[in-house]
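Reproduced below: work.cif, with mmCIF, C-alpha atoms.
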data_input
#
loop_
_atom_site.label_atom_id
_atom_site.label_comp_id
_atom_site.auth_asym_id
_atom_site.auth_seq_id
_atom_site.Cartn_x
_atom_site.Cartn_y
_atom_site.Cartn_z
CA MET K 1 -22.02 52.70 -90.71
CA ILE K 2 -18.60 51.36 -89.78
CA ASP K 3 -15.77 52.56 -91.99
CA LEU K 4 -14.34 49.63 -93.96
CA ASP K 5 -10.82 51.10 -94.09
CA ALA K 6 -10.65 51.64 -90.33
CA ALA K 7 -11.97 48.15 -89.62
CA MET K 8 -9.49 46.60 -92.07
CA LEU K 9 -6.73 48.64 -90.42
CA ILE K 10 -7.64 47.10 -87.06
CA GLY K 11 -7.50 43.63 -88.65
CA THR K 12 -4.15 44.36 -90.27
CA LEU K 13 -2.69 45.68 -87.02
CA LEU K 14 -3.92 42.56 -85.20
CA PHE K 15 -2.25 40.40 -87.86
CA LEU K 16 1.00 42.40 -87.61
CA LEU K 17 1.00 42.06 -83.82
CA GLY K 18 0.65 38.30 -84.22
CA LEU K 19 3.46 38.25 -86.80
CA THR K 20 5.69 40.29 -84.48
CA GLY K 21 5.00 37.86 -81.66
CA LEU K 22 5.80 34.93 -83.93
CA LEU K 23 9.15 36.46 -84.92
CA VAL K 24 10.14 37.77 -81.49
CA ARG K 25 9.14 35.02 -79.07
CA ARG K 26 10.96 31.70 -78.82
CA ASN K 27 8.72 29.89 -76.33
CA LEU K 28 6.61 27.47 -78.38
CA VAL K 29 3.44 28.25 -76.42
CA PHE K 30 3.84 31.92 -77.37
CA THR K 31 4.52 30.93 -80.96
CA LEU K 32 1.22 29.04 -81.07
CA MET K 33 -0.60 31.95 -79.45
CA SER K 34 0.80 34.29 -82.12
CA VAL K 35 -0.43 31.97 -84.86
CA GLU K 36 -3.87 31.99 -83.23
CA ILE K 37 -3.81 35.80 -83.20
CA MET K 38 -2.95 35.87 -86.91
CA LEU K 39 -5.71 33.39 -87.81
CA ASN K 40 -8.15 35.38 -85.74
CA ALA K 41 -7.12 38.61 -87.49
CA ALA K 42 -7.78 36.97 -90.86
CA GLY K 43 -11.21 35.85 -89.62
CA PHE K 44 -11.88 39.37 -88.39
CA ALA K 45 -11.15 40.72 -91.87
CA PHE K 46 -13.56 38.15 -93.37
CA VAL K 47 -16.40 39.10 -91.04
CA VAL K 48 -15.78 42.83 -91.54
CA ALA K 49 -15.88 42.45 -95.31
CA GLY K 50 -18.96 40.23 -95.11
CA ALA K 51 -20.78 42.79 -92.98
CA HIS K 52 -19.76 45.62 -95.30
CA TRP K 53 -21.18 44.00 -98.43
CA ASN K 54 -24.07 42.32 -96.60
CA ALA K 55 -22.74 38.95 -97.72
CA VAL K 56 -23.11 35.75 -95.74
CA GLU K 57 -19.89 34.31 -97.16
CA GLY K 58 -17.71 36.27 -94.73
CA GLN K 59 -19.13 34.42 -91.77
CA ILE K 60 -18.93 31.08 -93.60
CA MET K 61 -15.22 31.59 -94.22
CA TYR K 62 -14.85 32.62 -90.58
CA LEU K 63 -16.48 29.33 -89.57
CA LEU K 64 -14.01 27.34 -91.67
CA LEU K 65 -11.14 29.39 -90.25
CA ILE K 66 -12.27 28.52 -86.71
CA ALA K 67 -12.12 24.82 -87.60
CA VAL K 68 -8.57 25.30 -88.93
CA ALA K 69 -7.59 27.25 -85.80
CA ALA K 70 -9.00 24.57 -83.51
CA VAL K 71 -7.15 21.77 -85.31
CA GLU K 72 -3.96 23.84 -85.38
CA ALA K 73 -4.17 24.52 -81.65
CA ALA K 74 -4.90 20.88 -80.79
CA VAL K 75 -2.08 19.42 -82.91
CA GLY K 76 0.39 22.20 -82.02
CA LEU K 77 -0.20 21.91 -78.30
CA THR K 78 0.11 18.12 -78.48
CA ILE K 79 3.49 18.57 -80.20
CA VAL K 80 4.53 21.03 -77.46
CA LEU K 81 3.50 18.54 -74.78
CA SER K 82 5.37 15.66 -76.39
CA LEU K 83 8.45 17.88 -76.89
CA ASP K 84 8.35 18.77 -73.22
CA ARG K 85 8.08 15.07 -72.37
CA ARG K 86 10.94 13.97 -74.62
CA MET K 87 13.41 16.86 -74.51
CA GLU K 88 12.25 18.71 -71.39
CA THR K 89 12.28 22.06 -73.13
CA ILE K 90 9.76 24.07 -75.12
CA ASP K 91 12.27 26.56 -76.49
CA GLY K 92 11.90 26.86 -80.24
CA ASP K 93 15.62 27.32 -80.90
CA SER K 94 16.84 24.32 -78.93
CA VAL K 95 14.60 21.78 -80.70
CA ASN K 96 15.42 22.64 -84.31
CA ARG K 97 17.07 19.38 -85.33
CA LEU K 98 13.99 17.15 -85.82
CA GLN K 99 15.77 13.98 -84.85
CA GLY K 100 12.81 12.48 -83.02
CA MET S 1 -22.95 51.15 -83.71
CA PRO S 2 -19.54 52.48 -84.71
CA VAL S 3 -18.39 53.66 -81.27
CA ILE S 4 -18.85 50.20 -79.75
CA PHE S 5 -17.00 48.63 -82.67
CA TYR S 6 -14.01 51.00 -82.47
CA VAL S 7 -13.66 50.77 -78.69
CA ALA S 8 -13.81 46.97 -78.89
CA GLY S 9 -11.26 46.95 -81.72
CA LEU S 10 -8.86 49.18 -79.80
CA THR S 11 -9.29 47.02 -76.69
CA ALA S 12 -8.46 43.95 -78.79
CA LEU S 13 -5.34 45.64 -80.19
CA PHE S 14 -4.19 46.73 -76.73
CA ALA S 15 -4.79 43.28 -75.21
CA THR S 16 -2.98 41.60 -78.14
CA ALA S 17 0.01 43.90 -77.71
CA LEU S 18 0.09 42.83 -74.05
CA VAL S 19 -0.11 39.15 -75.08
CA ILE S 20 3.10 39.20 -77.10
CA THR S 21 5.04 41.16 -74.47
CA ARG S 22 4.20 39.08 -71.37
CA ALA S 23 6.96 36.93 -69.90
CA ASN S 24 4.52 34.66 -68.08
CA ALA S 25 2.52 32.39 -70.39
CA PHE S 26 -0.48 32.36 -68.09
CA HIS S 27 -0.79 36.15 -68.07
CA ALA S 28 -0.52 36.09 -71.85
CA VAL S 29 -3.41 33.60 -72.07
CA LEU S 30 -5.53 35.87 -69.87
CA TYR S 31 -4.95 38.81 -72.19
CA LEU S 32 -5.51 36.62 -75.25
CA ILE S 33 -8.93 35.53 -73.93
CA LEU S 34 -9.67 39.20 -73.38
CA ALA S 35 -8.67 40.05 -76.96
CA GLN S 36 -10.97 37.29 -78.25
CA LEU S 37 -13.88 38.62 -76.20
CA ALA S 38 -13.22 42.13 -77.50
CA ILE S 39 -13.27 40.82 -81.07
CA ALA S 40 -16.54 39.03 -80.28
CA ILE S 41 -18.05 42.37 -79.20
CA ALA S 42 -16.75 43.93 -82.42
CA PHE S 43 -18.50 41.17 -84.44
CA PHE S 44 -21.68 41.84 -82.48
CA ALA S 45 -21.44 45.54 -83.31
CA LEU S 46 -20.87 44.67 -86.97
CA GLY S 47 -24.17 42.79 -87.05
CA ALA S 48 -22.75 39.27 -87.13
CA PRO S 49 -24.18 37.61 -83.99
CA PHE S 50 -23.37 34.07 -85.17
CA ALA S 51 -19.67 34.86 -85.57
CA ALA S 52 -19.70 36.66 -82.21
CA ALA S 53 -21.20 33.64 -80.44
CA LEU S 54 -18.72 31.28 -82.13
CA GLN S 55 -15.86 33.57 -81.18
CA VAL S 56 -16.85 33.33 -77.50
CA VAL S 57 -17.73 29.63 -77.48
CA VAL S 58 -14.98 28.19 -79.69
CA TYR S 59 -12.11 30.68 -79.48
CA ALA S 60 -12.35 32.14 -75.97
CA GLY S 61 -13.87 28.93 -74.66
CA ALA S 62 -12.53 25.75 -76.22
CA ILE S 63 -9.21 26.78 -77.79
CA MET S 64 -8.06 28.95 -74.89
CA VAL S 65 -8.99 26.23 -72.39
CA LEU S 66 -6.61 23.95 -74.34
CA PHE S 67 -3.84 26.53 -73.88
CA VAL S 68 -4.60 26.83 -70.16
CA PHE S 69 -4.49 23.04 -69.76
CA VAL S 70 -1.17 22.73 -71.55
CA ILE S 71 0.43 25.59 -69.58
CA MET S 72 -0.78 23.97 -66.36
CA MET S 73 0.68 20.60 -67.43
CA LEU S 74 4.05 22.17 -68.30
CA ASN S 75 4.40 23.74 -64.86
CA LEU S 76 4.31 20.67 -62.65
CA GLY S 77 6.46 20.31 -59.53
CA GLN S 78 7.88 22.70 -56.97
CA ALA S 79 8.41 25.58 -59.41
CA GLY S 80 4.70 25.30 -60.24
CA VAL S 81 3.71 25.92 -56.63
CA ALA S 82 5.83 29.08 -56.44
CA ARG S 83 4.31 30.24 -59.71
CA GLU S 84 0.82 29.52 -58.41
CA HIS S 85 1.50 31.92 -55.53
CA ALA S 86 2.72 34.57 -57.95
CA TRP S 87 -0.52 34.24 -59.96
CA LEU S 88 -2.61 35.10 -56.90
CA ASN S 89 -0.88 38.49 -56.83
CA PRO S 90 -3.54 41.17 -57.44
CA ARG S 91 -1.25 42.98 -59.87
CA ALA S 92 -1.59 40.07 -62.29
CA TRP S 93 -5.36 40.51 -62.36
CA GLY S 94 -5.52 44.31 -62.44
CA GLY S 95 -4.95 44.78 -66.17
CA PRO S 96 -7.39 42.09 -67.36
CA THR S 97 -10.02 43.32 -64.90
CA ILE S 98 -9.84 46.91 -66.20
CA LEU S 99 -10.03 45.79 -69.84
CA THR S 100 -12.91 43.41 -69.08
CA THR S 101 -14.76 46.25 -67.38
CA ILE S 102 -14.50 48.27 -70.61
CA LEU S 103 -16.04 45.35 -72.51
CA LEU S 104 -18.77 44.91 -69.88
CA VAL S 105 -19.72 48.59 -70.10
CA GLU S 106 -19.88 48.28 -73.90
CA PHE S 107 -22.03 45.19 -73.60
CA LEU S 108 -24.48 46.93 -71.25
CA VAL S 109 -24.65 49.98 -73.51
CA ALA S 110 -25.33 47.73 -76.50
CA LEU S 111 -28.03 45.79 -74.64
CA ASN S 112 -29.81 48.93 -73.47
CA SER S 113 -29.88 50.48 -76.92
CA SER S 114 -30.41 47.40 -79.08
CA ALA S 115 -33.78 48.65 -80.33
CA GLN S 116 -32.10 51.47 -82.28
CA PHE S 117 -29.36 49.46 -83.94
CA ASP S 118 -29.37 46.60 -86.37
CA PHE S 119 -27.30 44.08 -84.44
CA ALA S 120 -28.44 41.08 -86.48
CA LYS S 121 -27.80 42.30 -90.00
CA ILE S 122 -26.68 38.84 -91.10
CA GLY S 123 -28.45 36.53 -88.71
CA VAL S 124 -27.91 32.95 -87.63
CA GLN S 125 -30.69 31.70 -89.89
CA GLU S 126 -29.14 33.15 -93.06
CA VAL S 127 -25.72 31.73 -92.22
CA GLY S 128 -27.23 28.35 -91.40
CA TYR S 129 -29.20 28.19 -94.66
CA SER S 130 -26.18 28.88 -96.85
CA LEU S 131 -23.92 26.70 -94.68
CA PHE S 132 -26.07 23.64 -95.33
CA GLY S 133 -27.06 24.70 -98.83
CA PRO S 134 -24.41 25.95 -101.27
CA PHE S 135 -21.52 25.49 -98.82
CA LEU S 136 -22.25 21.92 -97.81
CA ILE S 137 -18.98 20.67 -99.28
CA ALA S 138 -17.07 23.15 -97.09
CA VAL S 139 -18.77 21.73 -94.00
CA GLU S 140 -17.81 18.22 -95.10
CA LEU S 141 -14.22 19.34 -95.68
CA SER S 142 -13.97 20.94 -92.25
CA SER S 143 -15.34 17.79 -90.63
CA LEU S 144 -12.67 15.82 -92.47
CA LEU S 145 -10.08 18.33 -91.23
CA LEU S 146 -11.28 17.98 -87.63
CA MET S 147 -11.13 14.18 -87.94
CA GLY S 148 -7.56 14.43 -89.25
CA GLY S 149 -6.65 16.75 -86.38
CA LEU S 150 -8.12 14.32 -83.87
CA VAL S 151 -6.14 11.39 -85.27
CA ALA S 152 -2.92 13.46 -85.46
CA ALA S 153 -3.28 14.76 -81.90
CA TYR S 154 -3.96 11.25 -80.62
CA HIS S 155 -1.00 9.82 -82.50
CA VAL S 156 1.50 12.50 -81.48
CA GLY S 157 0.29 12.69 -77.90
CA ARG S 158 0.35 8.94 -77.31
CA GLN S 159 2.74 7.97 -74.52
CA ASP S 160 5.03 5.14 -75.56
CA ARG S 161 5.90 2.54 -72.95
CA ASP S 162 9.64 2.61 -73.70
CA ASP S 163 9.51 6.40 -73.59
CA GLU S 164 8.24 6.18 -70.05
CA ALA S 165 10.99 3.69 -69.17
CA ASP S 166 13.61 6.13 -70.53
CA ARG S 167 12.60 8.82 -68.13
CA ARG S 168 12.38 6.70 -65.00
#
Turn the structure described in the file into structure tokens.
Amino acid sequence: MIDLDAAMLIGTLLFLLGLTGLLVRRNLVFTLMSVEIMLNAAGFAFVVAGAHWNAVEGQIMYLLLIAVAAVEAAVGLTIVLSLDRRMETIDGDSVNRLQG
Amino acid sequence: MPVIFYVAGLTALFATALVITRANAFHAVLYLILAQLAIAIAFFALGAPFAAALQVVVYAGAIMVLFVFVIMMLNLGQAGVAREHAWLNPRAWGGPTILTTILLVEFLVALNSSAQFDFAKIGVQEVGYSLFGPFLIAVELSSLLLMGGLVAAYHVGRQDRDDEADRR
């Protein structure tokens, strides 16, 4: 039997790594990757909890989370592409004015 | 099997730490794919084969391919050619290869001993029944979400004609 605390610790550490990446990196592609890591860590926690209590709901929530992650990646990467086309940079600090 | 789960989890943590410290976006994507595969193995060891398959197909497959496409599109021109040469450097592939080998060994161990362990504690059938039974509204909502994402991505990514004229 897998220890719930240890598994949740792995999920928490994954989430914290994603959060660190989000705060430290300024390249927008890395920012999106960090958000993906955090979403994935949340999904990991859902599946771990679902497996621990033999409940099917963990995997259902994971499925919904995957849909959210896919939409987030698609829209986010499109924004990165259009930023690169319009302003020729994907640095998060240099495009903070939202003037279109 | 706990050992497989913990080794996969540690591999995922290690690969994720490498993702957020890479300078090159392409190397980071490699390690991120690796982290996703490690998490898939952890799901498999937890007895959630449906989540494991989705993790490989949707996360490591579809979403990461999007990232690879976008990074490729951002690196056009002469600088892209120089970078392409740098990517063929064996040092760039060493780390991912070692970590993937760990996962492969785990996979083979799991396959050879699957008779002793309950790898399908919550199987595909169970998930499917409740997905299209009590959670039908959630499926509808996620389809709505995907439709919204499609429209938003199309709208934002559309190339305006005057935009093109500006750049030329």
Among listed residues S:Leu145, S:Ile98, S:Ala25, S:Leu46, nearest Ala74 (chain K) (using only C-alpha atoms): S:Leu145
One-decimal distance in Å that lies between CA of Gly123 (chain S) and CA of Ala51 (chain K): 10.8 Å
Residue neighbourhood Asn54 (chain K), 8 Å, all atoms listed in the file, exclusion window fewer than 3 positions, as a count of residues only: 4
Near chain S, meaning an atom within 8 Å, which residues of chain K appear when counting all atoms listed in the file? Write them as a PDB file with C-alpha atoms, keeping the file's coordinate frame.
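Result went into result_0.pdb, see below:
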ATOM      1  CA  MET K   1     -22.020  52.700 -90.710  1.00  0.00           C
ATOM      2  CA  ILE K   2     -18.600  51.360 -89.780  1.00  0.00           C
ATOM      3  CA  ALA K   7     -11.970  48.150 -89.620  1.00  0.00           C
ATOM      4  CA  ILE K  10      -7.640  47.100 -87.060  1.00  0.00           C
ATOM      5  CA  LEU K  13      -2.690  45.680 -87.020  1.00  0.00           C
ATOM      6  CA  LEU K  14      -3.920  42.560 -85.200  1.00  0.00           C
ATOM      7  CA  LEU K  17       1.000  42.060 -83.820  1.00  0.00           C
ATOM      8  CA  GLY K  18       0.650  38.300 -84.220  1.00  0.00           C
ATOM      9  CA  THR K  20       5.690  40.290 -84.480  1.00  0.00           C
ATOM     10  CA  GLY K  21       5.000  37.860 -81.660  1.00  0.00           C
ATOM     11  CA  ARG K  25       9.140  35.020 -79.070  1.00  0.00           C
ATOM     12  CA  VAL K  29       3.440  28.250 -76.420  1.00  0.00           C
ATOM     13  CA  PHE K  30       3.840  31.920 -77.370  1.00  0.00           C
ATOM     14  CA  MET K  33      -0.600  31.950 -79.450  1.00  0.00           C
ATOM     15  CA  SER K  34       0.800  34.290 -82.120  1.00  0.00           C
ATOM     16  CA  ILE K  37      -3.810  35.800 -83.200  1.00  0.00           C
ATOM     17  CA  PHE K  44     -11.880  39.370 -88.390  1.00  0.00           C
ATOM     18  CA  VAL K  47     -16.400  39.100 -91.040  1.00  0.00           C
ATOM     19  CA  VAL K  48     -15.780  42.830 -91.540  1.00  0.00           C
ATOM     20  CA  ALA K  51     -20.780  42.790 -92.980  1.00  0.00           C
ATOM     21  CA  ASN K  54     -24.070  42.320 -96.600  1.00  0.00           C
ATOM     22  CA  ALA K  55     -22.740  38.950 -97.720  1.00  0.00           C
ATOM     23  CA  VAL K  56     -23.110  35.750 -95.740  1.00  0.00           C
ATOM     24  CA  GLN K  59     -19.130  34.420 -91.770  1.00  0.00           C
ATOM     25  CA  ILE K  60     -18.930  31.080 -93.600  1.00  0.00           C
ATOM     26  CA  TYR K  62     -14.850  32.620 -90.580  1.00  0.00           C
ATOM     27  CA  LEU K  63     -16.480  29.330 -89.570  1.00  0.00           C
ATOM     28  CA  LEU K  64     -14.010  27.340 -91.670  1.00  0.00           C
ATOM     29  CA  ILE K  66     -12.270  28.520 -86.710  1.00  0.00           C
ATOM     30  CA  ALA K  67     -12.120  24.820 -87.600  1.00  0.00           C
ATOM     31  CA  VAL K  68      -8.570  25.300 -88.930  1.00  0.00           C
ATOM     32  CA  ALA K  70      -9.000  24.570 -83.510  1.00  0.00           C
ATOM     33  CA  VAL K  71      -7.150  21.770 -85.310  1.00  0.00           C
ATOM     34  CA  GLU K  72      -3.960  23.840 -85.380  1.00  0.00           C
ATOM     35  CA  ALA K  73      -4.170  24.520 -81.650  1.00  0.00           C
ATOM     36  CA  ALA K  74      -4.900  20.880 -80.790  1.00  0.00           C
ATOM     37  CA  VAL K  75      -2.080  19.420 -82.910  1.00  0.00           C
ATOM     38  CA  LEU K  77      -0.200  21.910 -78.300  1.00  0.00           C
ATOM     39  CA  THR K  78       0.110  18.120 -78.480  1.00  0.00           C
ATOM     40  CA  ILE K  79       3.490  18.570 -80.200  1.00  0.00           C
ATOM     41  CA  LEU K  81       3.500  18.540 -74.780  1.00  0.00           C
ATOM     42  CA  SER K  82       5.370  15.660 -76.390  1.00  0.00           C
ATOM     43  CA  ASP K  84       8.350  18.770 -73.220  1.00  0.00           C
ATOM     44  CA  ARG K  86      10.940  13.970 -74.620  1.00  0.00           C
TER      45      ARG K  86
END
Separation of CA of Ile41 (chain S) from CA of Leu28 (chain K) in Å: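 It comes out at 28.8 Å.
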For CA of Asn89 (chain S) and CA of Ile90 (chain K), the interatomic separation in Å (one decimal): 25.6 Å
Residue nearest Val95 (chain K) among K:Glu57, K:Leu19, K:Arg26, K:Leu32 (counting all atoms listed in the file): K:Arg26
Evaluate the PyMOL selection byres ((chain K and resi 41) around 6) and report residues as a PyMOL selection string: chain K and resi 11+14-15+38-40+42-44
